[in-house]
Amino acid sequence: MHLIRVLSVVIMCWTGVAAAANDIPMTAKQSQALGIETVPLAAPSSAAGNGLPAQVVIPNQQIRIVSAPLAGMVESMEVAVNQPVKKGQTLVRLQSPMLAELQRDFLQTALQAQLAQNTLSRDEKLFKDGIVAESRYLAARNNAATQAAAASEKRQALRLAGMSNASMSKLQAGHTIDSALEVATPIDGVVLEQMVAPGQRVDAAAPLFKVARLSPLWLEIQVPLAQAGGLQAGASVRVPAATASGKVISVGRSVAEANQTVMVRAEITDGADNLRPGQFVEAVVGMAVGPKQWSVPNSALVRAENQTYVFVQTAAGYRLQPVRIMGQTTGAATIGGELRGNERVVVKGTVALKAAWQGVGKGGE
């Protein structure tokens with residue numbers, strides 16, 4: 001009852017004076033009776049953002065789709081989904097008649113290239129001794145170059161088919177043709193998807209496995225347009241539920257029409273093992289701090305008609321000051337507005353002041 005009487009007196013006092021619309025005259029005694037407490041504005045070094053919806057994704061450069069280099073039949077699968085793999089490890093074995101054809105062509109061209117080189121060496125010696133004409137020597141040299149180019153082409157075709165230089169040297173030495181083709185992973189990572197089964201026939205370039213390196217990971221964060229302006233590359237990002245952190249690497253230039261958010265991409269370098277690709281999480285983003293931004297407890301914030309305010313202490317009482325929320329956590333908010341920075345804001349008793357402000361506003365209508 002005492003609080004109601006004090007509040008009534010405050011309202012009657014304000015309606016009886018010509019004051020600015022957002023000014024609430026109040027004495028120190030009245031403030032004490034209402035239990036009003038104030039704290040000075042604090043200038044934060046960085047603003048902690050709200051918990052924002054985000055999805056974990058794999059960076060594009062860390063994903064590989066391993067395809068069949070040649071058409072063939074899947075003979076065996078050497079790995080399974082979720083299995084870690086090392087670069088060069090065999091993922092699948094294929095039986096490919098086309099590989100046998102490539103090996104045969106390579107052996108033929110390699111032998112022809114060797115024969116052409118031997119002929120060139122012999123004709124070069126005979127030409128120097130004056131036994132053969134220069135035209136014959138030039139023809140042998142041209143033929144050797146042509147055959148060497150053909151052999152190089154066939155060697156490259158085998159390399160694209162997945163054969164190593166060591167395997168080609170062994171083939172050339174032993175002349176043993178084999179249609180078995182081992183397809184290996186090009187990176188260290190984890191097998192995320194298997195796209196074929198044993199016994200299945202596949203065409204050249206058909207996808208076999210999806211392999212990815214899972215550290216670091218990206219977060220694609222949906223940031224409200226009003227907050228996106230305070231973000232820049234390098235801002236800190238945390239995922240409290242997963243004990244993971246990183247930094248912003250890009251801020252989108254377009255806005256999603258459906259929810260008016262901006263896609264902000266962050267790279268998670270610490271605690272990435274605690275996250276899973278495709279997972280939806282809540283991320284806290286550190287906002288860039290501008291010249292007119294301050295930190296206040298959440299209890300200082302007052303909302304009315306889609307606008308946020310704080311009550312600023314003045315010589316005559318208090319003033320309702322519009323502010324913008326730049327970022328917010330469970331305990332504090334970073335605000336921006338027309339403040340000098342040396343003000344004190346109300347953190348206790350805001351309900352009574354808001355009632356006084358609204359009561360005076362109604363009385364003045």
# chains A, B, ... in the order shown; residues from 1 in each chain; ligands from 1

call {"tool": "residues_around", "arguments": {"residues": "A:Ala116", "least_positions_apart": "5", "cutoff": "9 Å", "atoms": "only C-alpha atoms", "output": "ChimeraX atom specification"}}
result
/A:111,121,140-141,143-148

call {"tool": "write_last_selection", "arguments": {"atoms": "C-alpha atoms", "output": "PDB file, in the first residue's frame"}}
result
ATOM      1  CA  LEU A 111      57.491 -50.770 -76.863  1.00  0.00           C
ATOM      2  CA  SER A 121      70.361 -43.873 -81.670  1.00  0.00           C
ATOM      3  CA  ALA A 140      64.093 -41.254 -87.213  1.00  0.00           C
ATOM      4  CA  ARG A 141      64.257 -38.341 -84.787  1.00  0.00           C
ATOM      5  CA  ASN A 143      59.392 -40.758 -85.326  1.00  0.00           C
ATOM      6  CA  ALA A 144      61.036 -41.159 -81.912  1.00  0.00           C
ATOM      7  CA  ALA A 145      59.465 -37.904 -80.686  1.00  0.00           C
ATOM      8  CA  THR A 146      56.035 -38.972 -81.983  1.00  0.00           C
ATOM      9  CA  GLN A 147      56.222 -42.376 -80.316  1.00  0.00           C
ATOM     10  CA  ALA A 148      57.439 -40.856 -77.029  1.00  0.00           C
TER      11      ALA A 148
END

call {"tool": "select_by_dssp", "arguments": {"residues": "stretch 174-323 of chain A", "states": "strand (DSSP E or B)", "output": "MDAnalysis selection string"}}
result
chainID A and resid 180:184 189:194 201:202 207:212 217:224 236:239 244:255 261:270 280:287 293:297 302:304 307:313 317:323

call {"tool": "write_last_selection", "arguments": {"atoms": "C-alpha atoms", "output": "CSV table (one decimal), in the first residue's frame"}}
result
chain,number,residue,atom,x,y,z
A,180,ALA,CA,41.5,-55.0,-61.0
A,181,LEU,CA,41.3,-51.4,-60.2
A,182,GLU,CA,41.8,-50.0,-56.6
A,183,VAL,CA,40.2,-46.6,-56.0
A,184,ALA,CA,41.8,-44.7,-53.1
A,189,GLY,CA,39.0,-37.8,-43.4
A,190,VAL,CA,35.9,-39.8,-42.6
A,191,VAL,CA,33.7,-41.7,-44.9
A,192,LEU,CA,30.3,-39.9,-44.9
A,193,GLU,CA,28.4,-41.7,-47.6
A,194,GLN,CA,28.6,-44.9,-49.6
A,201,ARG,CA,28.1,-52.0,-62.4
A,202,VAL,CA,29.1,-48.4,-62.6
A,207,PRO,CA,30.2,-41.4,-57.5
A,208,LEU,CA,31.4,-44.1,-55.2
A,209,PHE,CA,32.1,-42.5,-51.8
A,210,LYS,CA,31.8,-39.1,-50.1
A,211,VAL,CA,34.8,-38.4,-47.9
A,212,ALA,CA,35.4,-35.3,-45.8
A,217,LEU,CA,33.9,-27.0,-39.4
A,218,TRP,CA,31.7,-24.1,-40.5
A,219,LEU,CA,28.6,-22.6,-38.8
A,220,GLU,CA,26.0,-20.9,-41.0
A,221,ILE,CA,24.3,-18.5,-38.6
A,222,GLN,CA,21.0,-16.7,-39.2
A,223,VAL,CA,21.6,-13.2,-37.8
A,224,PRO,CA,18.7,-10.6,-37.7
A,236,SER,CA,34.2,-14.3,-31.8
A,237,VAL,CA,31.7,-17.2,-32.0
A,238,ARG,CA,30.8,-19.7,-29.3
A,239,VAL,CA,28.6,-22.7,-29.2
A,244,ALA,CA,33.1,-25.1,-29.2
A,245,SER,CA,34.4,-21.7,-30.5
A,246,GLY,CA,35.8,-20.0,-33.5
A,247,LYS,CA,35.5,-16.7,-35.4
A,248,VAL,CA,33.4,-15.1,-38.2
A,249,ILE,CA,34.9,-15.5,-41.6
A,250,SER,CA,32.2,-13.8,-43.7
A,251,VAL,CA,29.0,-11.7,-43.4
A,252,GLY,CA,26.4,-12.2,-46.1
A,253,ARG,CA,25.5,-9.3,-48.5
A,254,SER,CA,21.9,-10.5,-49.1
A,255,VAL,CA,18.9,-10.9,-46.8
A,261,THR,CA,18.1,-12.5,-41.6
A,262,VAL,CA,21.6,-12.4,-42.9
A,263,MET,CA,23.7,-15.6,-43.3
A,264,VAL,CA,26.9,-15.2,-41.3
A,265,ARG,CA,29.6,-17.9,-41.7
A,266,ALA,CA,31.9,-18.8,-38.9
A,267,GLU,CA,34.8,-21.2,-38.7
A,268,ILE,CA,34.9,-23.4,-35.6
A,269,THR,CA,38.5,-24.4,-34.8
A,270,ASP,CA,38.2,-25.3,-31.1
A,280,PHE,CA,21.4,-27.4,-35.6
A,281,VAL,CA,22.9,-25.4,-32.7
A,282,GLU,CA,22.6,-22.1,-30.9
A,283,ALA,CA,25.6,-19.8,-31.4
A,284,VAL,CA,26.6,-16.7,-29.5
A,285,VAL,CA,28.3,-14.1,-31.7
A,286,GLY,CA,30.6,-11.3,-30.4
A,287,MET,CA,29.4,-8.1,-32.0
A,293,GLN,CA,27.7,1.3,-27.3
A,294,TRP,CA,27.5,0.4,-23.7
A,295,SER,CA,26.9,-2.6,-21.5
A,296,VAL,CA,23.9,-2.7,-19.1
A,297,PRO,CA,22.3,-5.5,-17.0
A,302,VAL,CA,12.2,-1.7,-20.6
A,303,ARG,CA,10.1,-2.6,-23.6
A,304,ALA,CA,7.0,-0.8,-24.9
A,307,GLN,CA,10.8,-0.2,-28.7
A,308,THR,CA,13.4,-0.8,-26.1
A,309,TYR,CA,14.2,1.9,-23.5
A,310,VAL,CA,16.3,2.5,-20.4
A,311,PHE,CA,15.5,4.9,-17.5
A,312,VAL,CA,18.4,7.4,-17.2
A,313,GLN,CA,18.8,9.3,-14.0
A,317,GLY,CA,14.3,12.5,-11.6
A,318,TYR,CA,14.5,10.1,-14.6
A,319,ARG,CA,14.2,10.1,-18.4
A,320,LEU,CA,13.0,7.3,-20.6
A,321,GLN,CA,15.7,6.9,-23.2
A,322,PRO,CA,15.1,4.9,-26.5
A,323,VAL,CA,18.0,2.5,-27.2

call {"tool": "residues_around", "arguments": {"residues": "A:Ala139", "least_positions_apart": "3", "cutoff": "12 Å", "atoms": "only C-alpha atoms", "output": "PyMOL selection string"}}
result
chain A and resi 116-117+119-120+123-124+127+132-136+142-146

call {"tool": "closest_residue", "arguments": {"among": "A:Lys292, A:Arg104, A:Lys348, A:Lys128", "to": "A:Thr334", "atoms": "only C-alpha atoms"}}
result
A:Lys292

call {"tool": "atom_distance", "arguments": {"atom1": "atom CA of A:Ala151", "atom2": "atom CA of A:Gln89"}}
result
28.1 Å

call {"tool": "closest_residue", "arguments": {"among": "A:Gln260, A:Thr350, A:Thr243, A:Gln358", "to": "A:Glu305", "atoms": "only C-alpha atoms"}}
result
A:Gln358

call {"tool": "select_by_dssp", "arguments": {"residues": "stretch 202-315 of chain A", "states": "helix (DSSP H, G or I)", "output": "VMD selection string"}}
result
chain A and resid 225 to 228 240 to 242 272 to 274 298 to 300

call {"tool": "closest_residue", "arguments": {"among": "A:Ala43, A:Ile131, A:Ala54, A:Leu107", "to": "A:Ser169", "atoms": "only C-alpha atoms"}}
result
A:Leu107

call {"tool": "residues_around", "arguments": {"residues": "stretch 31-39 of chain A", "least_positions_apart": "6", "cutoff": "6 Å", "atoms": "only C-alpha atoms", "output": "list in words"}}
result
Arg344, Val345, Val346, Val347, Lys348 and Gly349 of chain A
